[in-house]
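final.pdb (PDB, C-alpha atoms)
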```
ATOM      1  CA  LYS R   1       0.000   0.000   0.000  1.00  0.00           C
ATOM      2  CA  ASP R   2       1.341   3.451  -0.961  1.00  0.00           C
ATOM      3  CA  ASP R   3       4.369   1.726  -2.537  1.00  0.00           C
ATOM      4  CA  PRO R   4       4.660   2.677  -6.245  1.00  0.00           C
ATOM      5  CA  ILE R   5       7.022  -0.207  -7.012  1.00  0.00           C
ATOM      6  CA  ILE R   6       4.502  -2.722  -5.702  1.00  0.00           C
ATOM      7  CA  GLY R   7       1.426  -0.813  -6.848  1.00  0.00           C
ATOM      8  CA  GLU R   8       2.496   0.253 -10.343  1.00  0.00           C
ATOM      9  CA  GLU R   9       5.144  -2.152 -11.641  1.00  0.00           C
ATOM     10  CA  GLY R  10       3.005  -5.311 -11.626  1.00  0.00           C
ATOM     11  CA  ARG R  11       5.520  -7.507  -9.848  1.00  0.00           C
ATOM     12  CA  VAL R  12       3.187  -9.945  -8.072  1.00  0.00           C
ATOM     13  CA  LEU R  13       0.478 -12.194  -9.496  1.00  0.00           C
ATOM     14  CA  THR R  14      -1.526 -14.472  -7.174  1.00  0.00           C
ATOM     15  CA  LEU R  15      -3.574 -17.510  -8.170  1.00  0.00           C
ATOM     16  CA  GLU R  16      -5.761 -19.098  -5.513  1.00  0.00           C
ATOM     17  CA  LEU R  17      -6.447 -22.814  -5.956  1.00  0.00           C
ATOM     18  CA  PRO R  18      -8.618 -25.016  -3.754  1.00  0.00           C
ATOM     19  CA  GLU R  19      -5.588 -26.599  -2.081  1.00  0.00           C
ATOM     20  CA  LEU R  20      -2.984 -23.824  -2.123  1.00  0.00           C
ATOM     21  CA  SER R  21      -2.084 -20.347  -3.351  1.00  0.00           C
ATOM     22  CA  VAL R  22       0.499 -19.752  -6.091  1.00  0.00           C
ATOM     23  CA  VAL R  23       2.294 -16.410  -6.187  1.00  0.00           C
ATOM     24  CA  SER R  24       4.461 -15.471  -9.157  1.00  0.00           C
ATOM     25  CA  THR R  25       6.863 -12.598  -8.603  1.00  0.00           C
ATOM     26  CA  TYR R  26       9.580 -10.599 -10.330  1.00  0.00           C
ATOM     27  CA  VAL R  27      11.656  -9.112  -7.533  1.00  0.00           C
ATOM     28  CA  PRO R  28      13.055  -5.627  -8.277  1.00  0.00           C
ATOM     29  CA  ASN R  29      16.688  -5.603  -9.326  1.00  0.00           C
ATOM     30  CA  SER R  30      18.841  -3.418  -7.068  1.00  0.00           C
ATOM     31  CA  GLY R  31      20.264  -1.703 -10.169  1.00  0.00           C
ATOM     32  CA  MET R  32      23.726  -1.283 -11.633  1.00  0.00           C
ATOM     33  CA  ASP R  33      24.516   1.455  -9.136  1.00  0.00           C
ATOM     34  CA  LEU R  34      22.525  -0.290  -6.366  1.00  0.00           C
ATOM     35  CA  GLN R  35      20.099   2.617  -6.149  1.00  0.00           C
ATOM     36  CA  ARG R  36      17.329   0.230  -5.064  1.00  0.00           C
ATOM     37  CA  LEU R  37      19.409  -1.778  -2.596  1.00  0.00           C
ATOM     38  CA  GLU R  38      18.031  -0.047   0.474  1.00  0.00           C
ATOM     39  CA  TYR R  39      14.503  -0.554  -0.787  1.00  0.00           C
ATOM     40  CA  ARG R  40      15.215  -4.236  -1.376  1.00  0.00           C
ATOM     41  CA  VAL R  41      16.646  -5.106   2.028  1.00  0.00           C
ATOM     42  CA  GLY R  42      16.436  -2.129   4.414  1.00  0.00           C
ATOM     43  CA  ARG R  43      13.952  -3.543   6.915  1.00  0.00           C
ATOM     44  CA  GLU R  44      14.064  -0.392   9.052  1.00  0.00           C
ATOM     45  CA  ALA R  45      13.082   1.756   6.063  1.00  0.00           C
ATOM     46  CA  GLU R  46       9.492   2.874   5.505  1.00  0.00           C
ATOM     47  CA  LYS R  47       9.265   0.713   2.384  1.00  0.00           C
ATOM     48  CA  CYS R  48      11.178  -2.556   2.011  1.00  0.00           C
ATOM     49  CA  TRP R  49      10.499  -5.200  -0.624  1.00  0.00           C
ATOM     50  CA  ASP R  50      11.799  -8.240   1.286  1.00  0.00           C
ATOM     51  CA  ARG R  51       9.833  -7.294   4.380  1.00  0.00           C
ATOM     52  CA  SER R  52       6.661  -6.549   2.419  1.00  0.00           C
ATOM     53  CA  LEU R  53       6.882  -9.765   0.404  1.00  0.00           C
ATOM     54  CA  ALA R  54       7.276 -11.850   3.561  1.00  0.00           C
ATOM     55  CA  GLU R  55       4.319 -10.072   5.158  1.00  0.00           C
ATOM     56  CA  TYR R  56       2.184 -10.644   2.064  1.00  0.00           C
ATOM     57  CA  VAL R  57       2.968 -14.364   1.846  1.00  0.00           C
ATOM     58  CA  ARG R  58       2.445 -14.906   5.559  1.00  0.00           C
ATOM     59  CA  GLY R  59      -0.806 -12.915   5.489  1.00  0.00           C
ATOM     60  CA  LEU R  60      -2.051 -14.875   2.465  1.00  0.00           C
ATOM     61  CA  ARG R  61      -1.340 -18.171   4.211  1.00  0.00           C
ATOM     62  CA  ASP R  62      -3.011 -17.054   7.433  1.00  0.00           C
ATOM     63  CA  SER R  63      -6.089 -15.546   5.770  1.00  0.00           C
ATOM     64  CA  THR R  64      -6.788 -18.526   3.481  1.00  0.00           C
ATOM     65  CA  GLY R  65      -5.543 -21.304   5.741  1.00  0.00           C
ATOM     66  CA  LYS R  66      -3.712 -22.744   2.724  1.00  0.00           C
ATOM     67  CA  PRO R  67       0.009 -23.178   2.001  1.00  0.00           C
ATOM     68  CA  VAL R  68       1.719 -20.879  -0.496  1.00  0.00           C
ATOM     69  CA  VAL R  69       4.061 -21.514  -3.418  1.00  0.00           C
ATOM     70  CA  LEU R  70       6.110 -18.456  -4.336  1.00  0.00           C
ATOM     71  CA  LEU R  71       8.102 -18.669  -7.550  1.00  0.00           C
ATOM     72  CA  GLY R  72       9.904 -16.431  -9.978  1.00  0.00           C
ATOM     73  CA  ASP R  73      12.990 -14.288 -10.433  1.00  0.00           C
ATOM     74  CA  MET R  74      14.120 -13.455  -6.887  1.00  0.00           C
ATOM     75  CA  ASN R  75      17.167 -11.536  -8.158  1.00  0.00           C
ATOM     76  CA  CYS R  76      19.435 -13.006  -5.491  1.00  0.00           C
ATOM     77  CA  GLY R  77      22.209 -15.593  -5.582  1.00  0.00           C
ATOM     78  CA  HIS R  78      21.660 -16.971  -2.094  1.00  0.00           C
ATOM     79  CA  GLN R  79      24.252 -19.662  -1.421  1.00  0.00           C
ATOM     80  CA  VAL R  80      27.800 -20.162  -2.688  1.00  0.00           C
ATOM     81  CA  GLN R  81      26.571 -22.974  -4.979  1.00  0.00           C
ATOM     82  CA  ASP R  82      24.291 -20.440  -6.685  1.00  0.00           C
ATOM     83  CA  ILE R  83      27.151 -18.222  -7.928  1.00  0.00           C
ATOM     84  CA  TRP R  84      29.564 -19.589 -10.535  1.00  0.00           C
ATOM     85  CA  ASN R  85      32.370 -17.250  -9.457  1.00  0.00           C
ATOM     86  CA  MET R  86      32.464 -18.936  -6.049  1.00  0.00           C
ATOM     87  CA  TYR R  87      33.379 -22.265  -7.665  1.00  0.00           C
ATOM     88  CA  GLU R  88      36.910 -20.978  -8.266  1.00  0.00           C
ATOM     89  CA  ARG R  89      37.646 -20.566  -4.556  1.00  0.00           C
ATOM     90  CA  PRO R  90      39.891 -23.297  -3.078  1.00  0.00           C
ATOM     91  CA  ASP R  91      37.517 -24.015  -0.159  1.00  0.00           C
ATOM     92  CA  PHE R  92      34.370 -24.347  -2.293  1.00  0.00           C
ATOM     93  CA  PRO R  93      31.816 -25.524  -1.385  1.00  0.00           C
ATOM     94  CA  GLU R  94      31.785 -26.758   2.228  1.00  0.00           C
ATOM     95  CA  GLY R  95      34.479 -24.531   3.693  1.00  0.00           C
ATOM     96  CA  LEU R  96      33.287 -21.452   1.852  1.00  0.00           C
ATOM     97  CA  ALA R  97      29.637 -22.011   2.778  1.00  0.00           C
ATOM     98  CA  GLN R  98      30.499 -22.229   6.472  1.00  0.00           C
ATOM     99  CA  LYS R  99      32.025 -18.753   6.502  1.00  0.00           C
ATOM    100  CA  PRO R 100      29.959 -15.643   7.251  1.00  0.00           C
ATOM    101  CA  VAL R 101      28.600 -14.173   4.021  1.00  0.00           C
ATOM    102  CA  ALA R 102      30.868 -11.123   4.210  1.00  0.00           C
ATOM    103  CA  GLU R 103      33.934 -13.404   4.321  1.00  0.00           C
ATOM    104  CA  GLN R 104      32.968 -15.400   1.232  1.00  0.00           C
ATOM    105  CA  TYR R 105      34.192 -12.672  -1.122  1.00  0.00           C
ATOM    106  CA  VAL R 106      37.948 -13.074  -0.598  1.00  0.00           C
ATOM    107  CA  GLY R 107      39.437 -12.668  -4.060  1.00  0.00           C
ATOM    108  CA  LEU R 108      35.989 -11.777  -5.389  1.00  0.00           C
ATOM    109  CA  SER R 109      35.463  -8.344  -3.876  1.00  0.00           C
ATOM    110  CA  ALA R 110      33.971  -6.971  -7.112  1.00  0.00           C
ATOM    111  CA  LEU R 111      30.918  -9.209  -6.556  1.00  0.00           C
ATOM    112  CA  LYS R 112      29.988  -7.149  -3.508  1.00  0.00           C
ATOM    113  CA  LYS R 113      28.778  -4.413  -5.865  1.00  0.00           C
ATOM    114  CA  PHE R 114      26.813  -6.648  -8.245  1.00  0.00           C
ATOM    115  CA  ALA R 115      23.036  -6.424  -7.883  1.00  0.00           C
ATOM    116  CA  GLY R 116      21.695  -9.690  -6.538  1.00  0.00           C
ATOM    117  CA  LEU R 117      25.069 -10.762  -5.163  1.00  0.00           C
ATOM    118  CA  THR R 118      25.707  -8.113  -2.511  1.00  0.00           C
ATOM    119  CA  PRO R 119      26.227  -9.338   1.058  1.00  0.00           C
ATOM    120  CA  ARG R 120      23.129  -7.467   2.198  1.00  0.00           C
ATOM    121  CA  GLU R 121      20.872  -9.152  -0.343  1.00  0.00           C
ATOM    122  CA  ARG R 122      22.287 -12.602   0.359  1.00  0.00           C
ATOM    123  CA  GLU R 123      21.880 -12.073   4.108  1.00  0.00           C
ATOM    124  CA  SER R 124      18.344 -10.743   3.681  1.00  0.00           C
ATOM    125  CA  PHE R 125      17.151 -13.702   1.605  1.00  0.00           C
ATOM    126  CA  PRO R 126      17.160 -16.309   4.417  1.00  0.00           C
ATOM    127  CA  LYS R 127      15.530 -13.753   6.724  1.00  0.00           C
ATOM    128  CA  MET R 128      12.719 -13.379   4.210  1.00  0.00           C
ATOM    129  CA  LEU R 129      12.346 -17.169   4.045  1.00  0.00           C
ATOM    130  CA  GLU R 130      12.107 -17.401   7.823  1.00  0.00           C
ATOM    131  CA  GLU R 131       9.672 -14.502   8.136  1.00  0.00           C
ATOM    132  CA  ALA R 132       7.384 -15.966   5.469  1.00  0.00           C
ATOM    133  CA  ASP R 133       7.816 -19.598   6.615  1.00  0.00           C
ATOM    134  CA  LEU R 134       9.143 -20.560   3.176  1.00  0.00           C
ATOM    135  CA  VAL R 135      11.550 -23.267   2.020  1.00  0.00           C
ATOM    136  CA  ASP R 136      13.913 -23.124  -0.972  1.00  0.00           C
ATOM    137  CA  THR R 137      12.489 -26.295  -2.514  1.00  0.00           C
ATOM    138  CA  PHE R 138      15.283 -27.021  -4.991  1.00  0.00           C
ATOM    139  CA  ARG R 139      18.006 -26.721  -2.371  1.00  0.00           C
ATOM    140  CA  ALA R 140      15.980 -28.695   0.174  1.00  0.00           C
ATOM    141  CA  LEU R 141      15.565 -31.576  -2.270  1.00  0.00           C
ATOM    142  CA  HIS R 142      19.014 -31.323  -3.830  1.00  0.00           C
ATOM    143  CA  PRO R 143      21.297 -29.952  -1.079  1.00  0.00           C
ATOM    144  CA  ASP R 144      24.528 -31.056  -2.765  1.00  0.00           C
ATOM    145  CA  ALA R 145      23.664 -29.958  -6.311  1.00  0.00           C
ATOM    146  CA  THR R 146      26.309 -27.772  -7.952  1.00  0.00           C
ATOM    147  CA  GLY R 147      26.541 -26.208 -11.387  1.00  0.00           C
ATOM    148  CA  VAL R 148      22.775 -25.677 -11.606  1.00  0.00           C
ATOM    149  CA  PHE R 149      21.996 -22.122 -12.673  1.00  0.00           C
ATOM    150  CA  SER R 150      18.911 -20.317 -13.964  1.00  0.00           C
ATOM    151  CA  TYR R 151      20.487 -17.132 -15.339  1.00  0.00           C
ATOM    152  CA  PHE R 152      23.302 -16.621 -17.830  1.00  0.00           C
ATOM    153  CA  SER R 153      24.421 -13.097 -18.658  1.00  0.00           C
ATOM    154  CA  GLN R 154      24.327 -12.435 -22.390  1.00  0.00           C
ATOM    155  CA  LYS R 155      27.162  -9.933 -22.158  1.00  0.00           C
ATOM    156  CA  VAL R 156      29.579 -12.831 -22.728  1.00  0.00           C
ATOM    157  CA  VAL R 157      28.473 -15.327 -25.393  1.00  0.00           C
ATOM    158  CA  GLN R 158      30.372 -18.229 -23.832  1.00  0.00           C
ATOM    159  CA  ASN R 159      28.742 -17.928 -20.401  1.00  0.00           C
ATOM    160  CA  ARG R 160      26.174 -20.624 -21.011  1.00  0.00           C
ATOM    161  CA  PRO R 161      28.424 -23.090 -22.891  1.00  0.00           C
ATOM    162  CA  MET R 162      30.924 -22.716 -20.021  1.00  0.00           C
ATOM    163  CA  ASN R 163      28.104 -22.931 -17.436  1.00  0.00           C
ATOM    164  CA  ARG R 164      28.980 -19.605 -15.901  1.00  0.00           C
ATOM    165  CA  GLY R 165      25.674 -18.614 -14.416  1.00  0.00           C
ATOM    166  CA  LEU R 166      23.713 -17.732 -11.318  1.00  0.00           C
ATOM    167  CA  ARG R 167      20.686 -19.294  -9.654  1.00  0.00           C
ATOM    168  CA  LEU R 168      18.416 -16.266  -9.324  1.00  0.00           C
ATOM    169  CA  ASP R 169      15.085 -18.030  -9.869  1.00  0.00           C
ATOM    170  CA  TYR R 170      13.448 -20.081  -7.145  1.00  0.00           C
ATOM    171  CA  VAL R 171      10.405 -22.098  -6.197  1.00  0.00           C
ATOM    172  CA  LEU R 172       9.753 -21.337  -2.541  1.00  0.00           C
ATOM    173  CA  ALA R 173       7.012 -23.155  -0.627  1.00  0.00           C
ATOM    174  CA  SER R 174       5.380 -23.035   2.776  1.00  0.00           C
ATOM    175  CA  SER R 175       7.098 -25.393   5.196  1.00  0.00           C
ATOM    176  CA  SER R 176       3.913 -27.460   5.516  1.00  0.00           C
ATOM    177  CA  LEU R 177       4.336 -28.522   1.872  1.00  0.00           C
ATOM    178  CA  CYS R 178       7.881 -29.673   2.580  1.00  0.00           C
ATOM    179  CA  SER R 179       7.387 -31.833   5.669  1.00  0.00           C
ATOM    180  CA  ASN R 180       8.642 -34.850   3.707  1.00  0.00           C
ATOM    181  CA  VAL R 181      11.912 -33.182   2.687  1.00  0.00           C
ATOM    182  CA  GLY R 182      15.339 -33.353   4.334  1.00  0.00           C
ATOM    183  CA  ALA R 183      15.486 -32.865   8.081  1.00  0.00           C
ATOM    184  CA  ALA R 184      11.712 -32.375   8.198  1.00  0.00           C
ATOM    185  CA  ALA R 185      11.002 -35.852   6.794  1.00  0.00           C
ATOM    186  CA  LYS R 186       8.951 -38.094   9.037  1.00  0.00           C
ATOM    187  CA  PRO R 187      10.830 -40.949  10.736  1.00  0.00           C
ATOM    188  CA  GLY R 188      10.280 -44.435   9.385  1.00  0.00           C
ATOM    189  CA  GLY R 189       9.445 -43.158   5.919  1.00  0.00           C
ATOM    190  CA  ALA R 190       5.867 -42.241   6.807  1.00  0.00           C
ATOM    191  CA  GLU R 191       4.262 -40.146   4.108  1.00  0.00           C
ATOM    192  CA  ALA R 192       3.449 -36.511   4.829  1.00  0.00           C
ATOM    193  CA  PRO R 193      -0.140 -35.368   4.289  1.00  0.00           C
ATOM    194  CA  LEU R 194      -1.286 -33.903   0.992  1.00  0.00           C
ATOM    195  CA  PRO R 195      -0.711 -31.474  -0.550  1.00  0.00           C
ATOM    196  CA  ARG R 196       3.048 -31.970  -0.465  1.00  0.00           C
ATOM    197  CA  LEU R 197       6.096 -31.216  -2.563  1.00  0.00           C
ATOM    198  CA  ARG R 198       7.325 -33.993  -4.837  1.00  0.00           C
ATOM    199  CA  ASP R 199      10.044 -32.341  -6.923  1.00  0.00           C
ATOM    200  CA  SER R 200      11.608 -28.991  -7.759  1.00  0.00           C
ATOM    201  CA  PHE R 201      13.731 -28.323 -10.801  1.00  0.00           C
ATOM    202  CA  VAL R 202      15.620 -25.872 -13.007  1.00  0.00           C
ATOM    203  CA  LEU R 203      15.393 -26.551 -16.749  1.00  0.00           C
ATOM    204  CA  ASP R 204      18.888 -25.234 -17.321  1.00  0.00           C
ATOM    205  CA  GLU R 205      19.554 -27.470 -20.337  1.00  0.00           C
ATOM    206  CA  ASP R 206      16.404 -26.421 -22.212  1.00  0.00           C
ATOM    207  CA  ASP R 207      15.940 -23.317 -24.347  1.00  0.00           C
ATOM    208  CA  LEU R 208      16.344 -20.133 -22.353  1.00  0.00           C
ATOM    209  CA  VAL R 209      13.561 -17.589 -21.936  1.00  0.00           C
ATOM    210  CA  ALA R 210      15.583 -14.429 -22.631  1.00  0.00           C
ATOM    211  CA  ASP R 211      18.616 -14.907 -20.376  1.00  0.00           C
ATOM    212  CA  HIS R 212      16.817 -17.121 -17.836  1.00  0.00           C
ATOM    213  CA  ALA R 213      15.936 -20.794 -17.675  1.00  0.00           C
ATOM    214  CA  ALA R 214      12.476 -21.995 -16.685  1.00  0.00           C
ATOM    215  CA  ILE R 215      11.897 -23.306 -13.171  1.00  0.00           C
ATOM    216  CA  GLY R 216       9.108 -25.374 -11.690  1.00  0.00           C
ATOM    217  CA  CYS R 217       7.942 -27.931  -9.171  1.00  0.00           C
ATOM    218  CA  HIS R 218       5.622 -30.910  -8.815  1.00  0.00           C
ATOM    219  CA  ILE R 219       3.115 -30.942  -5.967  1.00  0.00           C
ATOM    220  CA  LEU R 220       0.935 -33.888  -5.032  1.00  0.00           C
ATOM    221  CA  LEU R 221      -2.677 -32.881  -4.398  1.00  0.00           C
ATOM    222  CA  PRO R 222      -5.467 -34.843  -2.722  1.00  0.00           C
ATOM    223  CA  ARG R 223      -8.112 -36.159  -5.108  1.00  0.00           C
ATOM    224  CA  PRO R 224     -11.532 -34.533  -4.915  1.00  0.00           C
ATOM    225  CA  ALA R 225     -13.887 -36.716  -2.875  1.00  0.00           C
ATOM    226  CA  ALA R 226     -16.218 -37.339  -5.824  1.00  0.00           C
ATOM    227  CA  ALA R 227     -13.371 -38.560  -8.016  1.00  0.00           C
ATOM    228  CA  GLU R 228     -11.515 -40.518  -5.391  1.00  0.00           C
ATOM    229  CA  ALA R 229     -10.295 -43.919  -6.530  1.00  0.00           C
ATOM    230  CA  PRO R 230      -8.636 -46.007  -3.791  1.00  0.00           C
ATOM    231  CA  ALA R 231      -6.250 -47.875  -6.099  1.00  0.00           C
ATOM    232  CA  GLU R 232      -4.874 -44.793  -7.832  1.00  0.00           C
ATOM    233  CA  ALA R 233      -2.002 -42.529  -6.865  1.00  0.00           C
ATOM    234  CA  PRO R 234      -2.572 -38.918  -5.775  1.00  0.00           C
ATOM    235  CA  ALA R 235      -3.002 -36.299  -8.446  1.00  0.00           C
ATOM    236  CA  GLU R 236       0.132 -34.449  -9.438  1.00  0.00           C
ATOM    237  CA  ALA R 237       0.007 -30.749 -10.204  1.00  0.00           C
ATOM    238  CA  PRO R 238       3.019 -29.349 -12.027  1.00  0.00           C
ATOM    239  CA  VAL R 239       3.751 -25.735 -11.294  1.00  0.00           C
ATOM    240  CA  GLU R 240       6.106 -24.278 -13.872  1.00  0.00           C
ATOM    241  CA  ALA R 241       6.898 -20.718 -14.758  1.00  0.00           C
ATOM    242  CA  PRO R 242       9.551 -19.136 -16.942  1.00  0.00           C
ATOM    243  CA  ALA R 243      11.358 -16.389 -15.089  1.00  0.00           C
ATOM    244  CA  GLU R 244      11.465 -12.813 -16.303  1.00  0.00           C
ATOM    245  CA  ALA R 245      14.686 -11.185 -17.448  1.00  0.00           C
ATOM    246  CA  SER R 246      16.679  -9.284 -14.840  1.00  0.00           C
TER     247      SER R 246
END
```
Can you turn what I pasted into structure tokens?
Amino acid sequence: KDDPIIGEEGRVLTLELPELSVVSTYVPNSGMDLQRLEYRVGREAEKCWDRSLAEYVRGLRDSTGKPVVLLGDMNCGHQVQDIWNMYERPDFPEGLAQKPVAEQYVGLSALKKFAGLTPRERESFPKMLEEADLVDTFRALHPDATGVFSYFSQKVVQNRPMNRGLRLDYVLASSSLCSNVGAAAKPGGAEAPLPRLRDSFVLDEDDLVADHAAIGCHILLPRPAAAEAPAEAPAEAPVEAPAEAS
């Protein structure tokens, strides 16, 4: 409310389904000179995108009583595995990932001024996830995956053939959809209730949409009571969306 970037730039589209809400977003880029950085991550400021987005997702979940899937171009390379430049560091990935974000730029100080890769944005991203009760579904399902990127700058033609990219596009989901994933998985292999996340992916080997690859997820939904068939598997709802250009 009273935020022209949110109100006039058309950066959020919400689809309400019977079982869940799907929110597609194109997060504002901080800009070449980082003129929007404070707006992106300054939680003490009057207007802050990360804070407002978390509040919106949490409010949507609470008001509908349904989990939320948030997907799109988040314009942030969160972890060291999401930034190709980090792969050249001798302690990549485990040692580098264990360091505070500000200390991960040794030998890569120029990255601190790149929109989407600044320490403030990378530190704000997990805060937004926590505030909105969201999970990075791809990383939760594939914690050790490396070399998987969704964005390849077109300034250098060889970036994609050499797999020099960034993972800026994400499928984020309410934690209740991810209770079968990683540390949240039920002991003994018991299945989590539906709806629940089945898979999350980056189509990085398919044709690019502009300079981005498409992302998506598969979510298992309960069958409507009238169509329920005891011998059949749950319905699967693919949620796929090409990301916008940065």
Where does the PyMOL selection byres ((chain R and resi 53) around 10) land in this file, that is, which residues does it pick, as a CSV table (one decimal) with C-alpha atoms, in the coordinates of the input?
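The new file out-v2.csv reads:
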```csv
chain,number,residue,atom,x,y,z
R,6,ILE,CA,4.5,-2.7,-5.7
R,12,VAL,CA,3.2,-9.9,-8.1
R,25,THR,CA,6.9,-12.6,-8.6
R,27,VAL,CA,11.7,-9.1,-7.5
R,48,CYS,CA,11.2,-2.6,2.0
R,49,TRP,CA,10.5,-5.2,-0.6
R,50,ASP,CA,11.8,-8.2,1.3
R,51,ARG,CA,9.8,-7.3,4.4
R,52,SER,CA,6.7,-6.5,2.4
R,54,ALA,CA,7.3,-11.8,3.6
R,55,GLU,CA,4.3,-10.1,5.2
R,56,TYR,CA,2.2,-10.6,2.1
R,57,VAL,CA,3.0,-14.4,1.8
R,58,ARG,CA,2.4,-14.9,5.6
R,59,GLY,CA,-0.8,-12.9,5.5
R,70,LEU,CA,6.1,-18.5,-4.3
R,128,MET,CA,12.7,-13.4,4.2
R,129,LEU,CA,12.3,-17.2,4.0
R,131,GLU,CA,9.7,-14.5,8.1
R,132,ALA,CA,7.4,-16.0,5.5
```
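Our summary of the geometry notes that CA of Cys76 in chain R is positioned 15.6 Å from CA of Arg11 in chain R.
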Per residue of range 34-111 of chain R within 12 Å of range 142-154 of chain R, note the shortest atom pair and the distance in Å to one decimal, counting only C-alpha atoms, and order the rows by chain and increasing residue number, as a Markdown table.
```
| residue | atom | partner | partner_atom | distance |
| --- | --- | --- | --- | --- |
| R:Gly72 | CA | R:Ser150 | CA | 10.6 |
| R:Asp73 | CA | R:Ser150 | CA | 9.2 |
| R:Met74 | CA | R:Ser150 | CA | 11.0 |
| R:Asn75 | CA | R:Tyr151 | CA | 9.7 |
| R:Cys76 | CA | R:Tyr151 | CA | 10.7 |
| R:Gly77 | CA | R:Phe149 | CA | 9.6 |
| R:His78 | CA | R:Phe149 | CA | 11.8 |
| R:Gln79 | CA | R:Thr146 | CA | 10.6 |
| R:Val80 | CA | R:Thr146 | CA | 9.4 |
| R:Gln81 | CA | R:Thr146 | CA | 5.7 |
| R:Asp82 | CA | R:Phe149 | CA | 6.6 |
| R:Ile83 | CA | R:Phe149 | CA | 8.0 |
| R:Trp84 | CA | R:Gly147 | CA | 7.3 |
| R:Asn85 | CA | R:Gly147 | CA | 10.9 |
| R:Met86 | CA | R:Gly147 | CA | 10.8 |
| R:Tyr87 | CA | R:Gly147 | CA | 8.7 |
| R:Phe92 | CA | R:Thr146 | CA | 10.4 |
| R:Pro93 | CA | R:Thr146 | CA | 8.9 |
| R:Glu94 | CA | R:Asp144 | CA | 9.8 |
| R:Ala97 | CA | R:Asp144 | CA | 11.8 |
```
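Atom pair CA of Gln35 in chain R / CA of Asp3 in chain R has a distance of 16.2 Å (rounded to one decimal).
Atom pair CA of Phe138 in chain R / CA of Gly42 in chain R has a distance of 26.6 Å (rounded to one decimal).
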Q: Anything within 12 Å of (-4.3, -14.1, -3.9): list those residues as a ChimeraX atom specification, counting all atoms listed in the file and sticking to the file's coordinates.
A: /R:12-18,20-24,56-64,66-70
Could you tell me, as a PyMOL selection string, exactly which residues end up selected when the PyMOL selection byres ((chain R and resi 100-109) around 10) is applied to this structure?
chain R and resi 78-80+85-86+88-89+91-92+95-99+110-114+118-120+122-123
Using the file's own x, y and z axes, what box holds all listed atoms of range 13-16 of chain R with 5 Å on each side, keeping edges along x, y and z, and what are its centre and edge lengths in Å to one decimal, as JSON?
```
{"center_x": -2.6, "center_y": -15.6, "center_z": -7.5, "size_x": 16.2, "size_y": 16.9, "size_z": 14.0}
```
(request) Let me know the residues the PyMOL selection byres ((chain R and resi 205) around 12) catches in the file above, as a PyMOL selection string. (result) chain R and resi 147-152+160-161+163+201-204+206-209+212-215
From the list R:Ser124, R:Thr137, R:Asn180, R:Ser200, the nearest residue to Glu38 in chain R using only C-alpha atoms is R:Ser124
